[in-house]
Amino acid sequence: MTARALRRERSGSADDFPEDVAELMAYLGPRTPEQRVIAMPGTGTNVPVWLLGSSLFSAQLAGERGLPYAFASHFAPRYLHEAIRVYRNHFKPSAVLDKPYVMLGVPLVAADTDEQADYLATSVYQRILALMRGQSLVQRKPVQSMDGLWLPHEKEAVASFLGLAMVGSPAKIRAKLQVLIEQTGADELIFTCDLYEHADRLHSYELLSQVMKG
């Protein structure tokens, strides 16, 4: 019975997703007498369930279910504002939330200077470029210039992919974050920092922490 519950038909589609969400939440809630499949150790934990999405479909579903919504703006910023609008317009209070709660994914490249951040960000640009070309996603070292590494249309595509990226010194990051929060009313931000050197990632987060603390 458990194996059957875990196994999904290959013919399944996105249309099944609302039912999948409801099923998952049921497994994490209190056990009911008729429940034959028990999630261990999940039963009764009521682990918070978020919907992470990059489409209007997920935004509407999160709103209708009264769940917190995380938008994948770290790679799909195009529909950010529309998704937030749809989520809030469709929100129905639930046992989980009494009002909408939005989290945004944000790419981060913070450094001591704008110039250093721009340099480090070339690792990110190269990886996104590789993704678009169907190449290996192994992390690349930063380069002094991307000229010659991408074509004009690829440069535009990478820029669109990273449209919400925070790249710069603490002062620049602070200003950009303030605009983002004012425009979206986001309740929470979650950052991804995809740099080549681990030390640069740590320093980037340290600078972000300083910015957030004011």
# chains A, B, ... in the order shown; residues from 1 in each chain; ligands from 1

$ select_by_dssp --residues "range 130-209 of chain A" --states "strand (DSSP E or B)" --output "list in words"
Asp147, Trp150, Met166, Val167, Gly168, Glu188, Leu189, Ile190, Phe191 and Thr192 of chain A

$ closest_atom_pairs --of "range 67-125 of chain A" --to "range 156-161 of chain A" --cutoff "9 Å" --atoms "only C-alpha atoms" --output "tab-separated table"
residue	atom	partner	partner_atom	distance
A:Ser73	CA	A:Phe161	CA	8.8
A:His74	CA	A:Phe161	CA	7.9
A:Phe75	CA	A:Phe161	CA	5.3
A:Ala76	CA	A:Phe161	CA	6.1
A:Pro77	CA	A:Phe161	CA	7.0
A:Arg78	CA	A:Ser160	CA	7.7
A:Tyr125	CA	A:Val158	CA	6.6

$ write_last_selection --atoms "C-alpha atoms" --output "PDB file, in the first residue's frame"
ATOM      1  CA  SER A  73      12.410  34.713  -9.160  1.00  0.00           C
ATOM      2  CA  HIS A  74      16.040  33.639  -8.827  1.00  0.00           C
ATOM      3  CA  PHE A  75      15.698  32.153 -12.307  1.00  0.00           C
ATOM      4  CA  ALA A  76      12.252  33.182 -13.591  1.00  0.00           C
ATOM      5  CA  PRO A  77      11.707  36.853 -12.720  1.00  0.00           C
ATOM      6  CA  ARG A  78       9.538  37.565 -15.758  1.00  0.00           C
ATOM      7  CA  TYR A 125      26.900  34.234 -16.169  1.00  0.00           C
TER       8      TYR A 125
END

$ residues_around --residues "Val143 in chain A" --least-positions-apart "2" --cutoff "12 Å" --atoms "only C-alpha atoms" --output "PyMOL selection string"
chain A and resi 116-126+140-141+145-149+196

$ residues_around --residues "Leu61 in chain A" --least-positions-apart "5" --cutoff "9 Å" --atoms "only C-alpha atoms" --output "list in words"
Pro18, Leu51, Leu56, Gly66, Leu67, Tyr87, His90 and Phe91 of chain A

$ select_by_dssp --residues "range 12-70 of chain A" --states "helix (DSSP H, G or I)" --output "NGL selection string"
:A and (14-28 or 56-65)

$ closest_residue --among "A:Leu180, A:Val49, A:Leu151, A:Ala199" --to "Leu80 in chain A" --atoms "only C-alpha atoms"
A:Leu180

$ closest_residue --among "A:Leu189, A:Ala39, A:Ala70, A:Ala83" --to "Ser55 in chain A" --atoms "only C-alpha atoms"
A:Ala83

$ closest_residue --among "A:Ser54, A:Thr43, A:Ser204, A:Ser209" --to "Ala72 in chain A" --atoms "only C-alpha atoms"
A:Ser54

$ residues_around --residues "Pro170 in chain A" --least-positions-apart "2" --cutoff "9 Å" --atoms "only C-alpha atoms" --output "list in words"
Ala110, Ala111, Asp112, Thr113, Asp114, Gly168, Lys172, Ile173, Arg174, Ala175, Leu207, Leu208, Gln210 and Val211 of chain A

$ closest_residue --among "A:Met166, A:Phe191, A:Pro48, A:Gln183" --to "Val109 in chain A" --atoms "only C-alpha atoms"
A:Met166

$ atom_distance --atom1 "CA of Val86 in chain A" --atom2 "CA of Met103 in chain A"
14.3 Å

$ closest_residue --among "A:Arg36, A:Arg88, A:His203, A:Arg127" --to "Ser169 in chain A" --atoms "only C-alpha atoms"
A:His203

$ atom_distance --atom1 "CA of Gly29 in chain A" --atom2 "CA of Gly53 in chain A"
23.0 Å

$ atom_distance --atom1 "CA of Glu154 in chain A" --atom2 "CA of Met132 in chain A"
8.4 Å
